[in-house]
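K.L.:
See run37.cif below, with mmCIF, C-alpha atoms.
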```
data_input
#
loop_
_atom_site.label_atom_id
_atom_site.label_comp_id
_atom_site.auth_asym_id
_atom_site.auth_seq_id
_atom_site.Cartn_x
_atom_site.Cartn_y
_atom_site.Cartn_z
CA MET A 4 0.00 0.00 0.00
CA GLY A 5 2.75 2.43 1.01
CA GLY A 6 4.78 1.50 -2.06
CA THR A 7 1.79 2.09 -4.35
CA LEU A 8 1.09 5.48 -2.77
CA ARG A 9 4.73 6.48 -3.08
CA MET A 10 4.77 5.39 -6.73
CA ARG A 11 1.59 7.38 -7.40
CA LEU A 12 3.08 10.47 -5.78
CA GLU A 13 6.31 10.10 -7.77
CA ASN A 14 4.33 9.83 -11.01
CA GLN A 15 2.31 12.92 -10.13
CA LEU A 16 5.47 14.91 -9.45
CA LEU A 17 7.08 13.62 -12.63
CA PHE A 18 3.98 14.60 -14.63
CA PHE A 19 3.95 18.04 -13.00
CA PHE A 20 7.59 18.86 -13.75
CA SER A 21 7.40 17.34 -17.23
CA GLY A 22 4.45 19.48 -18.24
CA LEU A 23 5.40 22.59 -16.27
CA GLY A 24 7.52 24.11 -19.02
CA SER A 25 4.92 23.32 -21.67
CA PHE A 26 2.00 24.98 -19.91
CA ASN A 27 4.05 28.08 -19.12
CA GLY A 28 5.44 28.01 -22.65
CA LEU A 29 1.89 28.40 -23.99
CA PHE A 30 1.46 31.55 -21.90
CA MET A 31 4.85 32.85 -23.03
CA ALA A 32 3.98 32.23 -26.69
CA THR A 33 0.76 34.21 -26.23
CA TYR A 34 2.71 37.07 -24.68
CA TYR A 35 5.27 37.30 -27.50
CA ALA A 36 2.60 37.02 -30.19
CA PHE A 37 -0.10 39.37 -28.87
CA LEU A 38 0.84 41.23 -25.68
CA MET A 39 4.48 42.29 -25.89
CA LYS A 40 5.08 45.97 -26.64
CA GLY A 41 6.98 46.62 -29.86
CA ARG A 42 6.31 43.12 -31.15
CA ASN A 43 7.40 42.44 -34.72
CA ARG A 44 7.82 39.49 -37.03
CA ALA A 45 10.80 38.20 -35.04
CA SER A 46 8.74 38.12 -31.83
CA LYS A 47 5.99 36.25 -33.68
CA PHE A 48 8.44 33.65 -34.93
CA LEU A 49 9.74 33.27 -31.37
CA ALA A 50 6.15 32.83 -30.17
CA ALA A 51 5.61 30.17 -32.84
CA LEU A 52 8.82 28.37 -31.81
CA ILE A 53 7.79 28.29 -28.14
CA LEU A 54 4.28 27.19 -29.14
CA VAL A 55 5.34 24.19 -31.26
CA LEU A 56 7.91 23.16 -28.65
CA SER A 57 5.23 23.32 -25.95
CA ILE A 58 2.78 21.28 -28.03
CA ARG A 59 5.47 18.69 -28.80
CA ILE A 60 6.35 18.37 -25.13
CA LEU A 61 2.70 18.17 -24.04
CA LYS A 62 2.19 15.30 -26.48
CA SER A 63 5.20 13.49 -25.03
CA THR A 64 4.04 14.04 -21.47
CA PHE A 65 0.48 12.80 -22.00
CA LEU A 66 1.56 9.88 -24.19
CA PHE A 67 4.02 8.73 -21.51
CA PHE A 68 1.44 8.78 -18.71
CA TYR A 69 -1.72 8.10 -20.75
CA PRO A 70 -0.83 5.82 -23.71
CA ASP A 71 -4.47 5.71 -24.88
CA ILE A 72 -4.71 9.40 -25.78
CA PRO A 73 -6.53 10.14 -29.10
CA GLU A 74 -4.61 9.56 -32.32
CA LEU A 75 -5.29 13.14 -33.48
CA PHE A 76 -3.50 14.53 -30.42
CA ILE A 77 -0.43 12.43 -31.25
CA GLN A 78 -0.39 13.59 -34.87
CA VAL A 79 -0.73 17.25 -33.85
CA GLY A 80 2.27 16.78 -31.59
CA LEU A 81 4.30 15.19 -34.37
CA THR A 82 3.37 18.00 -36.75
CA ALA A 83 4.53 20.52 -34.14
CA CYS A 84 7.80 18.57 -33.93
CA ALA A 85 8.31 19.06 -37.67
CA LEU A 86 7.93 22.84 -37.24
CA ILE A 87 10.43 23.33 -34.40
CA GLY A 88 13.46 23.55 -36.68
CA PRO A 89 11.86 25.88 -39.25
CA PHE A 90 10.57 28.33 -36.63
CA LEU A 91 13.95 28.36 -34.86
CA PHE A 92 15.68 29.19 -38.16
CA LEU A 93 13.10 31.84 -39.07
CA TYR A 94 13.41 33.51 -35.66
CA ILE A 95 17.22 33.65 -35.80
CA LYS A 96 17.20 34.84 -39.43
CA GLU A 97 14.60 37.53 -38.72
CA SER A 98 16.61 38.67 -35.69
CA THR A 99 19.85 38.99 -37.66
CA SER A 100 18.89 39.85 -41.26
CA PRO A 101 15.24 40.94 -41.40
CA GLU A 102 15.53 42.63 -44.79
CA GLN A 103 16.42 39.34 -46.54
CA ASN A 104 13.34 37.31 -45.62
CA GLY A 105 10.32 38.62 -47.52
CA HIS A 106 7.67 35.93 -47.85
CA LEU A 107 10.04 32.97 -48.29
CA TRP A 108 9.36 32.03 -44.67
CA ILE A 109 6.03 30.58 -45.81
CA LEU A 110 7.84 27.77 -47.65
CA HIS A 111 9.66 26.73 -44.49
CA VAL A 112 6.32 26.37 -42.69
CA ILE A 113 4.05 25.01 -45.43
CA ALA A 114 6.46 22.34 -46.72
CA PRO A 115 6.68 20.22 -43.52
CA ILE A 116 2.92 20.55 -42.94
CA LEU A 117 2.18 19.28 -46.45
CA VAL A 118 4.59 16.38 -46.02
CA ILE A 119 2.90 15.39 -42.74
CA LEU A 120 -0.59 15.60 -44.30
CA ILE A 121 0.43 13.52 -47.33
CA PHE A 122 2.10 10.93 -45.12
CA ARG A 123 -1.02 10.82 -42.91
CA TYR A 124 -3.22 10.27 -45.97
CA PHE A 125 -1.33 7.16 -47.03
CA TYR A 126 -0.32 5.89 -43.58
CA SER A 127 -2.72 6.37 -40.68
CA TYR A 128 -1.04 6.35 -37.31
CA SER A 129 -3.32 3.65 -35.88
CA ARG A 130 -2.45 1.15 -38.63
CA HIS A 131 1.13 2.18 -39.38
CA ASP A 132 2.57 3.34 -36.07
CA LYS A 133 5.95 1.76 -36.94
CA ALA A 134 6.05 3.69 -40.21
CA TRP A 135 5.34 6.90 -38.28
CA TYR A 136 8.14 6.08 -35.86
CA PHE A 137 10.55 5.52 -38.75
CA PHE A 138 9.36 8.76 -40.40
CA ILE A 139 9.84 10.82 -37.23
CA VAL A 140 13.24 9.35 -36.40
CA TRP A 141 14.79 9.57 -39.86
CA VAL A 142 13.06 12.58 -41.38
CA VAL A 143 11.69 15.00 -38.80
CA TYR A 144 14.58 14.75 -36.34
CA VAL A 145 17.16 15.02 -39.10
CA GLN A 146 15.33 18.06 -40.46
CA TRP A 147 15.22 19.53 -36.93
CA VAL A 148 18.98 19.27 -36.36
CA ILE A 149 19.75 20.59 -39.87
CA TYR A 150 17.75 23.71 -39.06
CA VAL A 151 19.60 24.01 -35.75
CA MET A 152 22.92 23.93 -37.62
CA ARG A 153 21.66 26.47 -40.16
CA SER A 154 20.59 28.73 -37.29
CA GLY A 155 23.99 28.38 -35.67
CA TYR A 156 25.66 29.30 -38.96
CA LEU A 157 23.70 32.55 -39.10
CA VAL A 158 25.34 33.64 -35.84
CA LYS A 159 28.67 31.88 -36.37
CA ASP A 160 30.59 35.03 -35.45
CA THR A 161 28.79 35.14 -32.12
CA PHE A 162 29.69 31.50 -31.40
CA LYS A 163 33.33 32.23 -32.28
CA THR A 164 33.29 35.11 -29.81
CA LEU A 165 31.70 32.85 -27.20
CA PHE A 166 34.53 30.33 -27.44
CA THR A 167 37.43 32.75 -27.95
CA ARG A 168 36.12 35.23 -25.35
CA SER A 169 37.60 38.10 -27.38
CA ARG A 170 34.84 40.39 -26.13
CA LYS A 171 31.70 40.33 -24.03
CA LEU A 172 28.54 39.24 -25.83
CA THR A 173 25.63 41.65 -25.97
CA ASP A 174 22.32 40.73 -24.33
CA HIS A 175 20.83 40.11 -27.78
CA GLU A 176 23.67 37.80 -28.84
CA THR A 177 23.52 35.89 -25.54
CA TRP A 178 19.79 35.34 -25.94
CA LEU A 179 20.10 34.03 -29.52
CA VAL A 180 22.91 31.65 -28.58
CA ASN A 181 20.92 30.33 -25.61
CA VAL A 182 17.82 29.74 -27.75
CA ILE A 183 19.82 27.76 -30.32
CA ILE A 184 21.68 25.70 -27.71
CA GLY A 185 18.50 25.10 -25.71
CA THR A 186 16.64 23.84 -28.78
CA PHE A 187 19.54 21.54 -29.61
CA ILE A 188 19.58 20.12 -26.06
CA VAL A 189 15.87 19.26 -26.34
CA TRP A 190 16.57 17.54 -29.68
CA LEU A 191 19.46 15.64 -28.11
CA ALA A 192 17.28 14.55 -25.19
CA TYR A 193 14.75 12.98 -27.57
CA ARG A 194 17.42 11.36 -29.71
CA THR A 195 18.94 9.60 -26.69
CA VAL A 196 15.71 8.23 -25.18
CA ARG A 197 16.78 4.67 -25.96
CA TYR A 198 19.49 5.12 -23.31
CA THR A 199 17.40 7.11 -20.82
CA SER A 200 13.61 7.54 -20.84
CA TYR A 201 11.06 9.09 -23.20
CA ILE A 202 10.04 11.58 -20.52
CA VAL A 203 13.57 13.03 -20.40
CA GLY A 204 12.78 15.16 -23.46
CA ALA A 205 9.88 16.82 -21.64
CA LEU A 206 11.91 17.31 -18.49
CA SER A 207 14.78 18.83 -20.46
CA PHE A 208 12.43 21.35 -22.06
CA SER A 209 11.13 22.47 -18.66
CA PHE A 210 14.70 22.83 -17.43
CA ILE A 211 15.89 24.76 -20.52
CA PHE A 212 12.77 26.94 -20.57
CA TYR A 213 13.24 28.15 -17.02
CA LEU A 214 17.00 28.48 -17.45
CA LEU A 215 16.40 30.83 -20.38
CA ILE A 216 13.90 32.86 -18.36
CA LEU A 217 16.33 33.16 -15.45
CA THR A 218 19.12 34.19 -17.82
CA TRP A 219 16.91 36.90 -19.29
CA LEU A 220 15.86 38.13 -15.84
CA TYR A 221 19.44 38.20 -14.63
CA ARG A 222 20.71 40.22 -17.58
CA LYS A 223 17.71 42.53 -17.90
CA ARG A 224 16.58 42.80 -14.32
CA ASN A 225 19.74 42.18 -12.31
CA ALA A 226 18.37 44.38 -9.56
CA PHE A 227 16.42 41.27 -8.52
CA PHE A 228 19.72 39.64 -7.60
CA VAL A 229 21.69 42.60 -6.26
CA SER A 230 21.11 44.46 -3.05
CA GLY A 231 22.81 47.36 -1.37
CA GLN A 232 23.48 51.00 -2.11
CA PRO A 233 24.08 52.40 -5.61
CA LYS A 234 27.60 51.71 -6.84
CA TYR A 235 28.78 55.32 -6.83
CA ALA A 236 26.49 56.89 -4.25
CA ASN A 237 29.30 58.43 -2.21
CA LYS A 238 31.78 59.19 -5.01
CA LYS A 239 30.08 61.64 -7.35
CA ILE A 240 32.20 63.20 -10.07
CA GLY A 241 32.31 66.99 -9.77
CA HIS A 242 30.69 69.10 -12.50
CA THR A 243 33.97 70.62 -13.73
CA GLU A 244 35.77 67.29 -13.83
CA ALA A 245 32.84 65.63 -15.54
CA GLU A 246 32.73 68.27 -18.30
CA LYS A 247 36.46 67.87 -18.89
CA LEU A 248 36.23 64.08 -19.11
CA ILE A 249 33.20 64.19 -21.39
CA HIS A 250 35.03 66.57 -23.74
CA GLN A 251 38.09 64.28 -23.85
CA LEU A 252 35.86 61.24 -24.31
CA THR A 253 34.02 62.84 -27.23
CA LEU A 254 37.32 63.71 -28.94
CA LEU A 255 38.52 60.10 -28.61
CA PHE A 256 35.52 58.88 -30.56
CA SER A 257 34.88 61.74 -33.00
CA GLU A 258 38.54 62.31 -33.95
CA ALA A 259 40.50 59.21 -32.94
CA GLN A 260 37.60 56.99 -34.12
CA LEU A 261 38.07 54.45 -31.32
CA HIS A 262 34.62 53.03 -31.97
CA LEU A 263 35.78 51.54 -35.30
CA ASN A 264 37.68 48.88 -33.34
CA PRO A 265 35.23 45.94 -32.95
CA ASP A 266 37.24 44.62 -29.99
CA LEU A 267 37.13 47.91 -28.08
CA LYS A 268 36.72 47.42 -24.33
CA LEU A 269 35.89 49.80 -21.53
CA SER A 270 39.39 49.33 -20.12
CA ASP A 271 40.89 50.50 -23.44
CA VAL A 272 38.95 53.77 -23.32
CA ALA A 273 39.68 54.24 -19.62
CA GLU A 274 43.39 53.84 -20.32
CA ALA A 275 43.21 56.42 -23.12
CA LEU A 276 41.43 58.83 -20.75
CA GLU A 277 43.92 58.00 -17.99
CA VAL A 278 41.16 57.13 -15.50
CA SER A 279 40.15 53.88 -13.84
CA ASP A 280 37.56 51.56 -15.33
CA HIS A 281 35.21 52.34 -12.44
CA ARG A 282 35.61 56.07 -12.98
CA LEU A 283 34.71 55.83 -16.64
CA SER A 284 31.75 53.58 -15.91
CA GLN A 285 30.57 56.08 -13.30
CA LEU A 286 30.89 58.95 -15.79
CA LEU A 287 28.78 57.11 -18.34
CA ASN A 288 26.14 55.99 -15.84
CA ASP A 289 25.76 59.14 -13.73
CA ASN A 290 26.67 62.00 -16.04
CA LEU A 291 25.67 60.69 -19.47
CA THR A 292 22.89 58.33 -18.28
CA THR A 293 24.05 55.56 -20.59
CA ASN A 294 26.25 52.47 -20.56
CA PHE A 295 29.47 51.71 -22.40
CA SER A 296 27.84 49.55 -25.07
CA ASP A 297 25.17 52.11 -25.97
CA PHE A 298 27.71 54.96 -25.88
CA ILE A 299 30.09 53.43 -28.43
CA ASN A 300 27.18 52.16 -30.52
CA THR A 301 25.92 55.74 -30.83
CA PHE A 302 29.14 56.67 -32.65
CA ARG A 303 29.10 53.47 -34.67
CA ILE A 304 25.55 54.15 -35.85
CA ARG A 305 26.48 57.72 -36.81
CA THR A 306 29.32 56.34 -38.91
CA ALA A 307 27.01 53.74 -40.46
CA GLU A 308 24.43 56.41 -41.32
CA GLU A 309 27.06 58.47 -43.12
CA MET A 310 28.32 55.44 -45.04
CA ILE A 311 24.80 54.38 -46.06
CA GLN A 312 24.27 57.85 -47.49
CA THR A 313 27.63 58.13 -49.27
CA LYS A 314 28.82 54.59 -50.13
CA ASP A 315 26.16 52.91 -52.26
CA GLN A 316 28.65 50.29 -53.48
CA LEU A 317 28.92 48.72 -50.02
CA THR A 318 26.44 46.18 -48.68
CA LEU A 319 24.77 46.85 -45.36
CA GLU A 320 26.73 43.98 -43.81
CA ALA A 321 29.99 45.54 -45.00
CA ILE A 322 28.93 48.93 -43.64
CA GLY A 323 28.21 47.37 -40.27
CA LYS A 324 31.68 45.85 -40.09
CA GLU A 325 33.33 49.08 -41.31
CA SER A 326 31.47 50.95 -38.56
CA GLY A 327 32.92 48.76 -35.83
CA PHE A 328 30.26 46.07 -35.38
CA ARG A 329 31.57 42.54 -35.16
CA SER A 330 28.46 40.86 -36.56
CA ASN A 331 25.45 41.73 -38.67
CA SER A 332 23.07 40.81 -35.85
CA THR A 333 24.59 43.30 -33.39
CA PHE A 334 24.60 45.99 -36.11
CA TYR A 335 20.88 45.54 -36.79
CA ALA A 336 19.97 45.30 -33.11
CA ALA A 337 21.88 48.49 -32.22
CA PHE A 338 20.53 50.41 -35.23
CA LYS A 339 16.96 49.39 -34.40
CA LYS A 340 17.43 50.30 -30.73
CA LEU A 341 18.94 53.73 -31.33
CA LYS A 342 17.15 54.81 -34.52
CA GLY A 343 13.84 52.97 -34.23
CA THR A 344 14.26 51.44 -37.69
CA THR A 345 16.49 48.93 -39.47
CA PRO A 346 19.44 49.88 -41.71
CA ALA A 347 17.54 48.56 -44.73
CA GLN A 348 14.47 50.66 -43.95
CA PHE A 349 16.67 53.70 -43.35
CA LYS A 350 18.36 53.18 -46.71
CA LYS A 351 14.97 53.01 -48.46
CA THR A 352 14.02 56.43 -47.08
CA LEU A 353 17.02 57.94 -48.88
CA SER A 354 15.92 56.79 -52.35
#
```
Represent the structure of the file as structure tokens.
P.N.:
Amino acid sequence: MGGTLRMRLENQLLFFFSGLGSFNGLFMATYYAFLMKGRNRASKFLAALILVLSIRILKSTFLFFYPDIPELFIQVGLTACALIGPFLFLYIKESTSPEQNGHLWILHVIAPILVILIFRYFYSYSRHDKAWYFFIVWVVYVQWVIYVMRSGYLVKDTFKTLFTRSRKLTDHETWLVNVIIGTFIVWLAYRTVRYTSYIVGALSFSFIFYLLILTWLYRKRNAFFVSGQPKYANKKIGHTEAEKLIHQLTLLFSEAQLHLNPDLKLSDVAEALEVSDHRLSQLLNDNLTTNFSDFINTFRIRTAEEMIQTKDQLTLEAIGKESGFRSNSTFYAAFKKLKGTTPAQFKKTLS
């Protein structure tokens, strides 16, 4: 009796943690698609990615605990599985090169749905469950990992930076890398079920989902994790000194063009100003109400604007690199943040 009760409780907890990420993923998908301020096509692709992942995981969870679930529910889950890779790729591509997409994204979505429907027409799941298993293992999962690799290739420069540690990744780059790695881990969990358990895929999604949320909260809302007085509360820079430093700082960027160095670090600028790193950070935070990344990106975007207007022979990607941005994704993200539009849209307004 005690053993049965304990087993029942363990199953209930396992079901809860397996489905936890999926149920919350459905709410998150709704937020990105309909409620988030400033939502765009990239946010909608992210919502679609979270949605199909959540549906796929829900199918796994219910099938593991309730093997007699309706056939339609299983097929919906398998269809969602076929869309994970495409929506990951579309989200990363839209986040890095939005001007290159147009309506081609429809092909990435329609093609796997048509293949699933045709396969379903000739092979019903109830009569050909082994054929469905073969199809999922050798077609859908291969397609999924190919899209993961294609997504990784789009941000290959960011991955190189991650491994070489030549500079600190931006929040945007960190998020994209985490999404790609997280999606790959879920794929890996399902591809290794023969050595573990089918429910591991669902558990891994819940773990990755909440890890991504915590990463986002830490980077965007680090006040949740830090307590104490403001960093420079008792060491304000005097007005005269601040004006002098700001003038010197402006000259370093407007004349010496320090911002054109893609590997520029705060310590490099502090050394040129002959102040400590903390002093420069304080100047930017307290007196210019900005941070180091946004400050240098302001000068980089100014340079990019001038080049877009005067150097028609250069591609936007080349202009981004010439302006000091290491990757196309950071160029687009910074331009959108500071100018409220993309480089491509800005260029169109000039013609």
K.L.:
Since I can't run it myself right now, could you work out what the PyMOL selection byres ((chain A and resi 44) around 9) selects here and report it as a PyMOL selection string?
P.N.:
chain A and resi 36+42-43+45-49+94+97-98+101
K.L.:
With the PyMOL selection byres ((chain A and resi 272) around 10) as the selection, what would be picked from this file? Answer as a list in words, please.
P.N.:
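What the PyMOL selection byres ((chain A and resi 272) around 10) grabs from the file is Leu252, Leu255, Phe256, Leu261, His262, Leu267, Lys268, Leu269, Ser270, Asp271, Ala273, Glu274, Ala275, Leu276, Glu277, Val278, Ser279, Asp280, Leu283 and Phe295 of chain A.
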K.L.:
Suppose you want the space between CA of Gln146 (chain A) and CA of Ile121 (chain A); what is it in Å?
P.N.:
17.0 Å
K.L.:
So which residues are close to (26.1, 31.2, -38.1), meaning at most 12 Å away in the file's coordinates with only C-alpha atoms counted, and can you show them as a PyMOL selection string?
P.N.:
chain A and resi 92+95-96+99-100+150-164+176+179-180+183+330-332
K.L.:
What does the file look like for those residues with C-alpha atoms, as a PDB file, in the coordinates of the input?
P.N.:
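Listed below is the output, selection03.pdb:
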```pdb
ATOM      1  CA  PHE A  92      15.680  29.190 -38.160  1.00  0.00           C
ATOM      2  CA  ILE A  95      17.220  33.650 -35.800  1.00  0.00           C
ATOM      3  CA  LYS A  96      17.200  34.840 -39.430  1.00  0.00           C
ATOM      4  CA  THR A  99      19.850  38.990 -37.660  1.00  0.00           C
ATOM      5  CA  SER A 100      18.890  39.850 -41.260  1.00  0.00           C
ATOM      6  CA  TYR A 150      17.750  23.710 -39.060  1.00  0.00           C
ATOM      7  CA  VAL A 151      19.600  24.010 -35.750  1.00  0.00           C
ATOM      8  CA  MET A 152      22.920  23.930 -37.620  1.00  0.00           C
ATOM      9  CA  ARG A 153      21.660  26.470 -40.160  1.00  0.00           C
ATOM     10  CA  SER A 154      20.590  28.730 -37.290  1.00  0.00           C
ATOM     11  CA  GLY A 155      23.990  28.380 -35.670  1.00  0.00           C
ATOM     12  CA  TYR A 156      25.660  29.300 -38.960  1.00  0.00           C
ATOM     13  CA  LEU A 157      23.700  32.550 -39.100  1.00  0.00           C
ATOM     14  CA  VAL A 158      25.340  33.640 -35.840  1.00  0.00           C
ATOM     15  CA  LYS A 159      28.670  31.880 -36.370  1.00  0.00           C
ATOM     16  CA  ASP A 160      30.590  35.030 -35.450  1.00  0.00           C
ATOM     17  CA  THR A 161      28.790  35.140 -32.120  1.00  0.00           C
ATOM     18  CA  PHE A 162      29.690  31.500 -31.400  1.00  0.00           C
ATOM     19  CA  LYS A 163      33.330  32.230 -32.280  1.00  0.00           C
ATOM     20  CA  THR A 164      33.290  35.110 -29.810  1.00  0.00           C
ATOM     21  CA  GLU A 176      23.670  37.800 -28.840  1.00  0.00           C
ATOM     22  CA  LEU A 179      20.100  34.030 -29.520  1.00  0.00           C
ATOM     23  CA  VAL A 180      22.910  31.650 -28.580  1.00  0.00           C
ATOM     24  CA  ILE A 183      19.820  27.760 -30.320  1.00  0.00           C
ATOM     25  CA  SER A 330      28.460  40.860 -36.560  1.00  0.00           C
ATOM     26  CA  ASN A 331      25.450  41.730 -38.670  1.00  0.00           C
ATOM     27  CA  SER A 332      23.070  40.810 -35.850  1.00  0.00           C
TER      28      SER A 332
END
```
K.L.:
Starting from the PyMOL selection byres ((chain A and resi 59) around 12), expand the selection into actual residues of this file and give them as a ChimeraX atom specification.
P.N.:
/A:21-22,24-26,28-29,52-58,60-66,76-87,189-190,193,202,204-205,208
K.L.:
I need the residue nearest Ile72 (chain A) from this list: A:Thr33, A:Ser129, A:Thr195, A:Thr306. Use all atoms listed in the file for the distance.
P.N.:
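Comparing A:Thr33, A:Ser129, A:Thr195, A:Thr306 against Ile72 (chain A), the winner is A:Ser129.
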K.L.:
Excluding Phe328 (chain A) and residues on its chain fewer than 2 positions from it, collect all residues at most 10 Å away from it, counting all atoms listed in the file, and give them as a PyMOL selection string.
P.N.:
chain A and resi 262-266+300+303-304+307+320-326+330-335+337
K.L.:
Can you measure CA of Lys351 (chain A) to CA of Arg305 (chain A) for me? One decimal in Å is fine.
P.N.:
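Here the two named atoms are 17.0 Å from each other.
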K.L.:
Using only C-alpha atoms, can you tell me which of A:Val148, A:Met310, A:Asp132, A:Ala336 comes closest to His175 (chain A)?
P.N.:
A:Ala336
K.L.:
So which residues are close to (31.1, 64.8, -13.3), meaning at most 10 Å away in the file's coordinates with all atoms listed in the file counted, and can you show them as a PyMOL selection string?
P.N.:
chain A and resi 239-249+282+285-287+289-291
K.L.:
Since we have the selection now, will you write its residues out, keeping C-alpha atoms, as an mmCIF file, in the coordinates of the input?
P.N.:
```cif
data_model
loop_
_atom_site.group_PDB
_atom_site.id
_atom_site.type_symbol
_atom_site.label_atom_id
_atom_site.label_comp_id
_atom_site.auth_asym_id
_atom_site.auth_seq_id
_atom_site.Cartn_x
_atom_site.Cartn_y
_atom_site.Cartn_z
ATOM 1 C CA LYS A 239 30.080 61.640 -7.350
ATOM 2 C CA ILE A 240 32.200 63.200 -10.070
ATOM 3 C CA GLY A 241 32.310 66.990 -9.770
ATOM 4 C CA HIS A 242 30.690 69.100 -12.500
ATOM 5 C CA THR A 243 33.970 70.620 -13.730
ATOM 6 C CA GLU A 244 35.770 67.290 -13.830
ATOM 7 C CA ALA A 245 32.840 65.630 -15.540
ATOM 8 C CA GLU A 246 32.730 68.270 -18.300
ATOM 9 C CA LYS A 247 36.460 67.870 -18.890
ATOM 10 C CA LEU A 248 36.230 64.080 -19.110
ATOM 11 C CA ILE A 249 33.200 64.190 -21.390
ATOM 12 C CA ARG A 282 35.610 56.070 -12.980
ATOM 13 C CA GLN A 285 30.570 56.080 -13.300
ATOM 14 C CA LEU A 286 30.890 58.950 -15.790
ATOM 15 C CA LEU A 287 28.780 57.110 -18.340
ATOM 16 C CA ASP A 289 25.760 59.140 -13.730
ATOM 17 C CA ASN A 290 26.670 62.000 -16.040
ATOM 18 C CA LEU A 291 25.670 60.690 -19.470
#
```
K.L.:
Using all atoms listed in the file, pick whichever of A:Ala51, A:Leu107, A:Ile113, A:Ile311 has the shortest atom-to-atom distance to Leu353 (chain A).
P.N.:
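Of all the options, A:Ile311 lies closest to Leu353 (chain A).
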K.L.:
Interatomic distance between CA of Gln312 (chain A) and CA of Leu341 (chain A)?
P.N.:
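Rounded to one decimal, the two atoms are 17.5 Å apart.
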K.L.:
Got a sec: who's within 9 Å of His111 (chain A), counting all atoms listed in the file, leaving out chain neighbours fewer than 5 positions off, as a list of chain:residue names?
P.N.:
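After dropping sequence-adjacent residues, the list is A:Leu86, A:Pro89, A:Phe90, A:Leu93.
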